[in-house]
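What follows is model-v9.pdb (PDB, C-alpha atoms).
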ATOM      1  CA  MET A  94     -86.253  98.783 131.188
ATOM      2  CA  SER A  95     -84.170 101.407 129.422
ATOM      3  CA  ARG A  96     -80.412 101.186 129.906
ATOM      4  CA  VAL A  97     -78.103 103.890 131.192
ATOM      5  CA  TRP A  98     -75.035 104.609 129.064
ATOM      6  CA  MET A  99     -72.018 106.725 129.940
ATOM      7  CA  ILE A 100     -70.163 107.982 126.855
ATOM      8  CA  THR A 101     -66.870 109.824 127.159
ATOM      9  CA  GLY A 102     -65.835 112.449 124.630
ATOM     10  CA  ALA A 103     -69.491 112.927 123.650
ATOM     11  CA  GLY A 104     -69.282 116.508 122.424
ATOM     12  CA  ARG A 105     -68.094 115.690 118.913
ATOM     13  CA  GLY A 106     -66.906 112.920 116.630
ATOM     14  CA  MET A 107     -67.964 109.346 117.277
ATOM     15  CA  GLY A 108     -69.009 110.106 120.831
ATOM     16  CA  LEU A 109     -71.613 112.589 119.619
ATOM     17  CA  ASP A 110     -73.034 110.099 117.124
ATOM     18  CA  PHE A 111     -73.136 107.410 119.805
ATOM     19  CA  ALA A 112     -74.997 109.691 122.223
ATOM     20  CA  LYS A 113     -77.605 110.747 119.660
ATOM     21  CA  ALA A 114     -78.208 107.164 118.522
ATOM     22  CA  VAL A 115     -78.670 105.875 122.075
ATOM     23  CA  LEU A 116     -81.104 108.674 122.967
ATOM     24  CA  ALA A 117     -83.057 107.925 119.777
ATOM     25  CA  ILE A 118     -83.875 104.387 120.996
ATOM     26  CA  GLY A 119     -85.130 105.673 124.351
ATOM     27  CA  ASP A 120     -82.153 104.750 126.507
ATOM     28  CA  LYS A 121     -80.614 107.184 128.958
ATOM     29  CA  VAL A 122     -77.264 108.835 128.285
ATOM     30  CA  VAL A 123     -74.660 110.386 130.533
ATOM     31  CA  ALA A 124     -72.698 112.429 128.010
ATOM     32  CA  THR A 125     -69.317 113.613 129.208
ATOM     33  CA  GLY A 126     -66.660 116.010 128.055
ATOM     34  CA  ARG A 127     -64.232 118.615 129.278
ATOM     35  CA  ASN A 128     -66.617 121.356 128.113
ATOM     36  CA  PRO A 129     -70.156 120.420 129.238
ATOM     37  CA  ASP A 130     -71.740 123.434 127.549
ATOM     38  CA  ARG A 131     -70.342 122.294 124.221
ATOM     39  CA  VAL A 132     -71.585 118.741 124.832
ATOM     40  CA  ALA A 133     -75.086 119.931 125.725
ATOM     41  CA  LYS A 134     -75.282 122.219 122.709
ATOM     42  CA  ALA A 135     -74.100 119.482 120.334
ATOM     43  CA  ILE A 136     -76.562 116.848 121.551
ATOM     44  CA  GLY A 137     -79.621 118.997 122.281
ATOM     45  CA  GLN A 138     -82.318 118.714 124.918
ATOM     46  CA  SER A 139     -83.656 115.409 126.237
ATOM     47  CA  ASP A 140     -85.182 114.240 129.508
ATOM     48  CA  ASN A 141     -83.020 111.128 129.172
ATOM     49  CA  LEU A 142     -79.771 113.121 128.953
ATOM     50  CA  LEU A 143     -77.374 114.070 131.719
ATOM     51  CA  VAL A 144     -74.332 116.124 130.735
ATOM     52  CA  VAL A 145     -71.405 116.098 133.144
ATOM     53  CA  THR A 146     -67.901 117.519 133.142
ATOM     54  CA  LEU A 147     -65.285 114.824 132.709
ATOM     55  CA  ASP A 148     -61.635 115.254 131.854
ATOM     56  CA  VAL A 149     -60.655 111.594 131.656
ATOM     57  CA  THR A 150     -57.113 112.384 132.803
ATOM     58  CA  LYS A 151     -58.522 113.394 136.218
ATOM     59  CA  PRO A 152     -59.667 110.485 138.425
ATOM     60  CA  ALA A 153     -61.673 112.876 140.620
ATOM     61  CA  ASP A 154     -63.726 113.897 137.571
ATOM     62  CA  ALA A 155     -64.466 110.246 136.851
ATOM     63  CA  ASP A 156     -65.611 109.612 140.404
ATOM     64  CA  ALA A 157     -67.821 112.708 140.329
ATOM     65  CA  ALA A 158     -69.333 111.698 136.966
ATOM     66  CA  VAL A 159     -70.267 108.264 138.283
ATOM     67  CA  LYS A 160     -71.814 109.770 141.430
ATOM     68  CA  ALA A 161     -73.861 112.183 139.300
ATOM     69  CA  THR A 162     -75.016 109.244 137.165
ATOM     70  CA  LEU A 163     -76.240 107.298 140.185
ATOM     71  CA  ASP A 164     -77.892 110.361 141.698
ATOM     72  CA  ARG A 165     -79.853 110.949 138.488
ATOM     73  CA  PHE A 166     -80.517 107.473 137.093
ATOM     74  CA  GLY A 167     -79.707 105.051 139.905
ATOM     75  CA  ARG A 168     -77.603 102.653 137.823
ATOM     76  CA  LEU A 169     -75.075 102.422 134.985
ATOM     77  CA  ASP A 170     -75.313  99.683 132.378
ATOM     78  CA  VAL A 171     -72.936 100.563 129.523
ATOM     79  CA  LEU A 172     -69.668 102.491 129.556
ATOM     80  CA  VAL A 173     -68.268 103.598 126.195
ATOM     81  CA  ASN A 174     -64.654 104.695 126.545
ATOM     82  CA  ASN A 175     -64.454 106.912 123.491
ATOM     83  CA  ALA A 176     -62.409 109.976 124.528
ATOM     84  CA  ALA A 177     -58.896 110.125 123.073
ATOM     85  CA  GLY A 178     -56.328 112.478 121.597
ATOM     86  CA  PHE A 179     -53.951 112.151 118.645
ATOM     87  CA  TYR A 180     -50.312 113.212 118.929
ATOM     88  CA  ALA A 181     -48.747 112.501 115.549
ATOM     89  CA  GLY A 182     -45.066 112.455 114.732
ATOM     90  CA  TYR A 183     -41.988 110.320 114.320
ATOM     91  CA  PHE A 184     -40.813 108.781 117.564
ATOM     92  CA  GLU A 185     -37.576 110.787 117.727
ATOM     93  CA  ASP A 186     -39.555 113.999 117.275
ATOM     94  CA  LEU A 187     -42.081 113.108 119.977
ATOM     95  CA  THR A 188     -40.941 114.369 123.352
ATOM     96  CA  PRO A 189     -41.625 112.438 126.568
ATOM     97  CA  ALA A 190     -44.277 115.081 127.289
ATOM     98  CA  HIS A 191     -46.051 114.301 123.989
ATOM     99  CA  ILE A 192     -46.058 110.592 124.778
ATOM    100  CA  GLU A 193     -47.327 111.170 128.317
ATOM    101  CA  LEU A 194     -50.167 113.296 126.946
ATOM    102  CA  GLN A 195     -51.064 110.621 124.398
ATOM    103  CA  LEU A 196     -51.109 107.869 126.996
ATOM    104  CA  ALA A 197     -53.020 110.031 129.473
ATOM    105  CA  SER A 198     -55.798 110.970 127.055
ATOM    106  CA  THR A 199     -56.172 107.566 125.435
ATOM    107  CA  LEU A 200     -55.062 104.777 127.777
ATOM    108  CA  THR A 201     -54.894 105.885 131.410
ATOM    109  CA  GLY A 202     -57.901 108.149 130.862
ATOM    110  CA  ALA A 203     -60.027 105.144 129.914
ATOM    111  CA  MET A 204     -58.609 103.302 132.912
ATOM    112  CA  ASN A 205     -59.581 106.183 135.225
ATOM    113  CA  VAL A 206     -63.196 106.118 134.086
ATOM    114  CA  THR A 207     -63.465 102.320 134.122
ATOM    115  CA  ARG A 208     -61.983 102.158 137.619
ATOM    116  CA  ALA A 209     -64.741 104.487 138.815
ATOM    117  CA  VAL A 210     -67.461 102.520 137.027
ATOM    118  CA  LEU A 211     -66.580  98.909 137.880
ATOM    119  CA  PRO A 212     -67.675  99.010 141.560
ATOM    120  CA  VAL A 213     -71.145 100.103 140.420
ATOM    121  CA  MET A 214     -71.384  97.304 137.863
ATOM    122  CA  ARG A 215     -70.090  94.747 140.361
ATOM    123  CA  ALA A 216     -72.778  95.777 142.835
ATOM    124  CA  GLN A 217     -75.420  95.469 140.097
ATOM    125  CA  GLY A 218     -74.077  92.110 138.935
ATOM    126  CA  SER A 219     -74.108  93.345 135.348
ATOM    127  CA  GLY A 220     -72.579  95.870 132.970
ATOM    128  CA  LYS A 221     -70.808  96.315 129.661
ATOM    129  CA  VAL A 222     -67.503  98.148 129.154
ATOM    130  CA  ILE A 223     -66.714  99.101 125.560
ATOM    131  CA  ALA A 224     -63.354 100.471 124.458
ATOM    132  CA  ILE A 225     -63.262 102.412 121.209
ATOM    133  CA  SER A 226     -59.774 101.522 120.036
ATOM    134  CA  SER A 227     -58.470 101.701 116.450
ATOM    135  CA  THR A 228     -56.852  99.628 113.748
ATOM    136  CA  ALA A 229     -53.764 101.312 115.224
ATOM    137  CA  GLY A 230     -54.371  99.061 118.217
ATOM    138  CA  LEU A 231     -53.588  96.081 115.998
ATOM    139  CA  VAL A 232     -51.328  97.493 113.280
ATOM    140  CA  GLY A 233     -48.567 100.047 113.769
ATOM    141  CA  PHE A 234     -48.528 102.968 111.328
ATOM    142  CA  GLU A 235     -45.728 105.299 110.317
ATOM    143  CA  PHE A 236     -45.947 108.698 112.070
ATOM    144  CA  CYS A 237     -48.346 107.236 114.670
ATOM    145  CA  SER A 238     -46.011 105.561 117.159
ATOM    146  CA  ALA A 239     -47.403 107.225 120.300
ATOM    147  CA  TYR A 240     -51.012 106.768 119.174
ATOM    148  CA  ALA A 241     -50.394 103.111 118.316
ATOM    149  CA  ALA A 242     -48.662 102.536 121.651
ATOM    150  CA  ALA A 243     -51.687 103.938 123.478
ATOM    151  CA  LYS A 244     -54.211 101.987 121.414
ATOM    152  CA  PHE A 245     -52.212  98.739 121.655
ATOM    153  CA  GLY A 246     -52.290  99.363 125.402
ATOM    154  CA  VAL A 247     -56.069  99.812 125.365
ATOM    155  CA  ASP A 248     -56.496  96.528 123.494
ATOM    156  CA  GLY A 249     -54.199  94.579 125.806
ATOM    157  CA  TRP A 250     -55.793  96.029 128.926
ATOM    158  CA  ILE A 251     -59.395  95.392 127.879
ATOM    159  CA  GLU A 252     -58.587  91.958 126.454
ATOM    160  CA  ALA A 253     -57.056  90.975 129.792
ATOM    161  CA  GLU A 254     -59.867  92.517 131.822
ATOM    162  CA  VAL A 255     -62.609  89.934 131.416
ATOM    163  CA  ALA A 256     -64.287  90.905 134.649
ATOM    164  CA  PRO A 257     -66.450  88.465 136.574
ATOM    165  CA  PHE A 258     -69.694  89.541 138.293
ATOM    166  CA  GLY A 259     -71.631  89.639 135.032
ATOM    167  CA  ILE A 260     -69.504  92.389 133.492
ATOM    168  CA  GLU A 261     -68.628  92.074 129.798
ATOM    169  CA  THR A 262     -65.968  93.900 127.773
ATOM    170  CA  MET A 263     -65.611  94.612 124.066
ATOM    171  CA  ILE A 264     -62.852  96.200 121.983
ATOM    172  CA  VAL A 265     -63.922  98.103 118.857
ATOM    173  CA  ASN A 266     -61.197  98.589 116.231
ATOM    174  CA  PRO A 267     -62.481 101.125 113.691
ATOM    175  CA  GLY A 268     -60.763 101.915 110.436
ATOM    176  CA  PHE A 269     -60.889 105.452 109.038
ATOM    177  CA  PHE A 270     -64.189 107.091 109.958
ATOM    178  CA  ARG A 271     -65.258 110.608 109.067
ATOM    179  CA  THR A 272     -64.888 112.147 112.500
ATOM    180  CA  GLU A 273     -63.036 115.205 113.783
ATOM    181  CA  LEU A 274     -59.923 113.220 114.733
ATOM    182  CA  LEU A 275     -57.842 114.739 111.919
ATOM    183  CA  THR A 276     -58.978 118.333 112.416
ATOM    184  CA  ASP A 277     -56.495 120.881 113.716
ATOM    185  CA  GLU A 278     -58.384 120.914 117.005
ATOM    186  CA  SER A 279     -57.937 117.177 117.571
ATOM    187  CA  THR A 280     -54.596 116.317 115.966
ATOM    188  CA  GLN A 281     -51.352 117.698 117.360
ATOM    189  CA  TYR A 282     -48.273 117.358 115.160
ATOM    190  CA  ALA A 283     -44.959 117.146 116.951
ATOM    191  CA  PRO A 284     -42.463 119.804 115.809
ATOM    192  CA  SER A 285     -39.455 118.561 113.896
ATOM    193  CA  PHE A 286     -36.402 118.184 116.125
ATOM    194  CA  VAL A 287     -34.511 115.752 113.881
ATOM    195  CA  SER A 288     -33.793 117.206 110.452
ATOM    196  CA  ASP A 289     -33.482 113.763 108.862
ATOM    197  CA  TYR A 290     -37.266 113.399 109.232
ATOM    198  CA  SER A 291     -38.184 116.828 107.875
ATOM    199  CA  GLU A 292     -39.105 115.806 104.339
ATOM    200  CA  ARG A 293     -40.990 112.677 105.395
ATOM    201  CA  ARG A 294     -42.732 114.656 108.151
ATOM    202  CA  ALA A 295     -43.985 117.251 105.657
ATOM    203  CA  GLN A 296     -45.307 114.494 103.391
ATOM    204  CA  GLN A 297     -47.068 112.794 106.283
ATOM    205  CA  ILE A 298     -48.746 115.984 107.481
ATOM    206  CA  THR A 299     -49.919 116.801 103.958
ATOM    207  CA  GLY A 300     -51.374 113.315 103.636
ATOM    208  CA  TRP A 301     -53.152 113.371 107.000
ATOM    209  CA  LYS A 302     -54.627 116.817 106.370
ATOM    210  CA  ALA A 303     -55.836 115.714 102.920
ATOM    211  CA  ALA A 304     -57.540 112.680 104.478
ATOM    212  CA  ASN A 305     -59.610 114.857 106.824
ATOM    213  CA  GLY A 306     -63.231 114.777 105.706
ATOM    214  CA  GLN A 307     -62.560 112.058 103.131
ATOM    215  CA  GLN A 308     -62.615 109.004 105.404
ATOM    216  CA  VAL A 309     -64.915 106.273 104.087
ATOM    217  CA  GLY A 310     -66.474 105.193 107.399
ATOM    218  CA  ASP A 311     -69.809 106.649 108.543
ATOM    219  CA  PRO A 312     -69.798 107.129 112.353
ATOM    220  CA  ALA A 313     -73.606 107.257 112.463
ATOM    221  CA  LYS A 314     -73.707 103.726 111.050
ATOM    222  CA  LEU A 315     -71.110 102.599 113.582
ATOM    223  CA  ALA A 316     -73.331 103.994 116.342
ATOM    224  CA  GLN A 317     -76.226 101.841 115.128
ATOM    225  CA  VAL A 318     -73.973  98.781 114.981
ATOM    226  CA  LEU A 319     -72.788  99.468 118.527
ATOM    227  CA  ILE A 320     -76.396  99.404 119.740
ATOM    228  CA  THR A 321     -76.995  96.165 117.814
ATOM    229  CA  LEU A 322     -74.008  94.542 119.521
ATOM    230  CA  VAL A 323     -75.061  95.746 122.979
ATOM    231  CA  ASP A 324     -78.517  94.278 122.344
ATOM    232  CA  LYS A 325     -77.045  90.802 121.792
ATOM    233  CA  PRO A 326     -77.159  88.289 124.669
ATOM    234  CA  GLU A 327     -73.364  88.472 124.850
ATOM    235  CA  LEU A 328     -70.925  91.095 123.617
ATOM    236  CA  PRO A 329     -68.283  89.939 121.149
ATOM    237  CA  ARG A 330     -64.839  90.284 122.637
ATOM    238  CA  ARG A 331     -63.727  92.323 119.629
ATOM    239  CA  PHE A 332     -65.420  94.055 116.696
ATOM    240  CA  ILE A 333     -63.452  95.134 113.614
ATOM    241  CA  ALA A 334     -65.300  98.151 112.211
ATOM    242  CA  GLY A 335     -65.140  99.028 108.521
ATOM    243  CA  ALA A 336     -64.084  97.358 105.281
ATOM    244  CA  ASP A 337     -60.696  99.091 105.394
ATOM    245  CA  ALA A 338     -60.137  97.822 108.940
ATOM    246  CA  LEU A 339     -61.045  94.277 107.890
ATOM    247  CA  ALA A 340     -58.502  94.430 105.051
ATOM    248  CA  MET A 341     -55.722  95.705 107.343
ATOM    249  CA  VAL A 342     -56.448  93.119 110.026
ATOM    250  CA  ARG A 343     -56.521  90.276 107.518
ATOM    251  CA  GLN A 344     -53.147  91.433 106.186
ATOM    252  CA  LYS A 345     -51.768  91.504 109.748
ATOM    253  CA  LEU A 346     -53.142  88.021 110.465
ATOM    254  CA  ALA A 347     -51.550  86.666 107.302
ATOM    255  CA  LEU A 348     -48.187  88.188 108.272
ATOM    256  CA  LEU A 349     -48.417  86.733 111.789
ATOM    257  CA  GLN A 350     -49.239  83.294 110.404
ATOM    258  CA  GLU A 351     -46.335  83.553 107.974
ATOM    259  CA  GLN A 352     -43.949  84.473 110.795
ATOM    260  CA  VAL A 353     -45.233  81.678 113.048
ATOM    261  CA  ASP A 354     -44.849  79.085 110.303
ATOM    262  CA  ALA A 355     -41.424  80.329 109.231
ATOM    263  CA  HIS A 356     -39.890  79.924 112.685
ATOM    264  CA  GLU A 357     -42.041  77.182 114.180
ATOM    265  CA  GLU A 358     -39.177  74.713 114.614
ATOM    266  CA  LEU A 359     -36.956  77.252 116.379
ATOM    267  CA  ALA A 360     -39.815  78.465 118.558
ATOM    268  CA  GLY A 361     -40.652  74.932 119.656
ATOM    269  CA  SER A 362     -37.059  74.026 120.522
ATOM    270  CA  LEU A 363     -36.673  76.203 123.620
ATOM    271  CA  ALA A 364     -37.744  73.886 126.429
ATOM    272  CA  PHE A 365     -35.254  72.458 128.964
ATOM    273  CA  ASP A 366     -33.798  69.121 127.874
ATOM    274  CA  SER A 367     -35.224  66.291 129.959
TER     275      SER A 367
END
Would you mind writing the file out in structure tokens?
Amino acid sequence: MSRVWMITGAGRGMGLDFAKAVLAIGDKVVATGRNPDRVAKAIGQSDNLLVVTLDVTKPADADAAVKATLDRFGRLDVLVNNAAGFYAGYFEDLTPAHIELQLASTLTGAMNVTRAVLPVMRAQGSGKVIAISSTAGLVGFEFCSAYAAAKFGVDGWIEAEVAPFGIETMIVNPGFFRTELLTDESTQYAPSFVSDYSERRAQQITGWKAANGQQVGDPAKLAQVLITLVDKPELPRRFIAGADALAMVRQKLALLQEQVDAHEELAGSLAFDS
């Protein structure tokens, strides 16, 4: 029996590649985005495709998307939380509004959609929830404090949410993939409020803009890997995607081990005396 996938942010970037790859294997796809016409145009026609409006920051949209899925296909097997934004800037330049927007698009947005989906999967006794996170969910990067905070939140939330009732979860931590994340449409740079950061800010923006279109990761290959992992009898709890991501994670693991070893005696000395 073909599976039914819901993919958020499916009109471009990784979400578009995921949707096309899933349709190519004969599964059904509920492709979502804030602009359904754009999503439909990007993916093309298919009897196995349902395009629905979904702004992940709006819980009512999530509920309506799930209802439309059940009305059309009768079930929902795989949720891919892919939609996210990118608000770049130094923390002192990022306003509370910037941070709220970052969290809303990346963390609470995924929570909104998952909250709408879980009752369906519980009733089925099966389902897979996949969170497309980032290496920024494991390693903090300069100029990316709000983005890292949101992605760290995604990782902690999904890692803690090992749902019963036959529902599995997986975190995907991609490195740099050639998507539209760094385009002017997707990346918002905070204006400079603190002059001390001005020079560093200019250097960062130049570097990020130069990286656009030069990322080493191929999102079409990641889409195929995602299908391979979903086909396995059990999802891995976490998948590190890309050679650059593997290198960064290994460096972080080595640093953590170094810090644990360096302060092991102090850390172990904190219990009440008997």
- Task: May I have the residues at most 12 Å from (-36.1, 116.0, 110.4) in the file's coordinates, counting all atoms listed in the file, as an MDAnalysis selection string?
- Result: chainID A and resid 182:187 283:296
- Selection near Asp154 in chain A, 10 Å with all atoms listed in the file, sequence-local residues under 3 positions removed, as a ChimeraX atom specification: /A:127,145-151,157-160,205-206,209
- For Arg208 in chain A, which of A:Ile118, A:Ala177, A:Ala229, A:Ala155 is the closest residue, counting all atoms listed in the file?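 Using all atoms listed in the file, the shortest distance to Arg208 in chain A belongs to A:Ala155.
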- Message: For Pro267 in chain A, find every residue with an atom within 10 Å (counting all atoms listed in the file), except residues of its own chain fewer than 6 positions away, and show them as a ChimeraX atom specification.
- Response: /A:225-230,310,312,315,332-339
- Task: Please measure the separation of CA of Asp164 in chain A and CA of Val210 in chain A, giving the value in Å to one decimal.
- Result: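 A separation of 13.9 Å between them.
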- Message: Please report the interatomic distance between CA of Leu200 in chain A and CA of Thr262 in chain A in Å with one decimal.
- Response: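 Computing the Euclidean distance for CA of Leu200 in chain A and CA of Thr262 in chain A yields 15.4 Å.
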I'd like the neighbourhood of Val222 in chain A as a PDB file with C-alpha atoms, in the coordinates of the input, where a residue qualifies if any of its atoms comes within 8 Å (using all atoms listed in the file), though same-chain residues fewer than 6 positions away should be ignored.
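Result written to around06.pdb:
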ATOM      1  CA  VAL A 171     -72.936 100.563 129.523  1.00  0.00           C
ATOM      2  CA  LEU A 172     -69.668 102.491 129.556  1.00  0.00           C
ATOM      3  CA  VAL A 173     -68.268 103.598 126.195  1.00  0.00           C
ATOM      4  CA  ASN A 174     -64.654 104.695 126.545  1.00  0.00           C
ATOM      5  CA  THR A 207     -63.465 102.320 134.122  1.00  0.00           C
ATOM      6  CA  ILE A 260     -69.504  92.389 133.492  1.00  0.00           C
ATOM      7  CA  GLU A 261     -68.628  92.074 129.798  1.00  0.00           C
ATOM      8  CA  THR A 262     -65.968  93.900 127.773  1.00  0.00           C
ATOM      9  CA  MET A 263     -65.611  94.612 124.066  1.00  0.00           C
TER      10      MET A 263
END
- Message: When the PyMOL selection byres ((chain A and resi 196) around 10) is applied to the structure above, which residues does it catch, written out as a PyMOL selection string?
- Response: chain A and resi 150+177-180+190-195+197-203+239-244+246-247
- Message: With distances taken over only C-alpha atoms, which residue among A:Phe365, A:Trp301, A:Phe245, A:Phe258 lies nearest Ser219 in chain A?
- Response: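 Once distances to Ser219 in chain A are computed over only C-alpha atoms, the minimum belongs to A:Phe258.
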- Note on the structure: Min atom-atom distance to Ile251 in chain A from the set A:Val122, A:Met204, A:Ala216, A:Ala304, counting all atoms listed in the file, belongs to A:Met204
- Select, from A:Gln297, A:Thr280, A:Asn266, A:Asn175, the residue with the minimum atom-to-atom distance to Phe234 in chain A, counting all atoms listed in the file. A:Gln297
- Query: Which is closest to Glu252 in chain A among A:Lys221, A:Arg331, A:Arg271, A:Arg168, if we use all atoms listed in the file?
  - Reply: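 Closest residue, counting all atoms listed in the file: A:Arg331.
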- Item | Distance in Å - CA of Ala224 in chain A versus CA of Gln344 in chain A |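 Pair CA of Ala224 in chain A / CA of Gln344 in chain A returns 22.8 Å.
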- Item | Selection result for the PyMOL selection byres ((chain A and resi 166) around 12) on this file, as a list in words |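 Evaluating the PyMOL selection byres ((chain A and resi 166) around 12) on this file yields Met94, Ser95, Arg96, Val97, Trp98, Met99, Asp120, Lys121, Val122, Val123, Asp140, Asn141, Leu142, Leu143, Ala158, Val159, Lys160, Ala161, Thr162, Leu163, Asp164, Arg165, Gly167, Arg168, Leu169 and Asp170 of chain A.
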- Check the smallest atom-to-atom distance from each of A:Asn305, A:Ala133, A:Leu116, A:Pro212 to Asp156 in chain A using only C-alpha atoms, then report the winner.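 Closest residue, counting only C-alpha atoms: A:Pro212.
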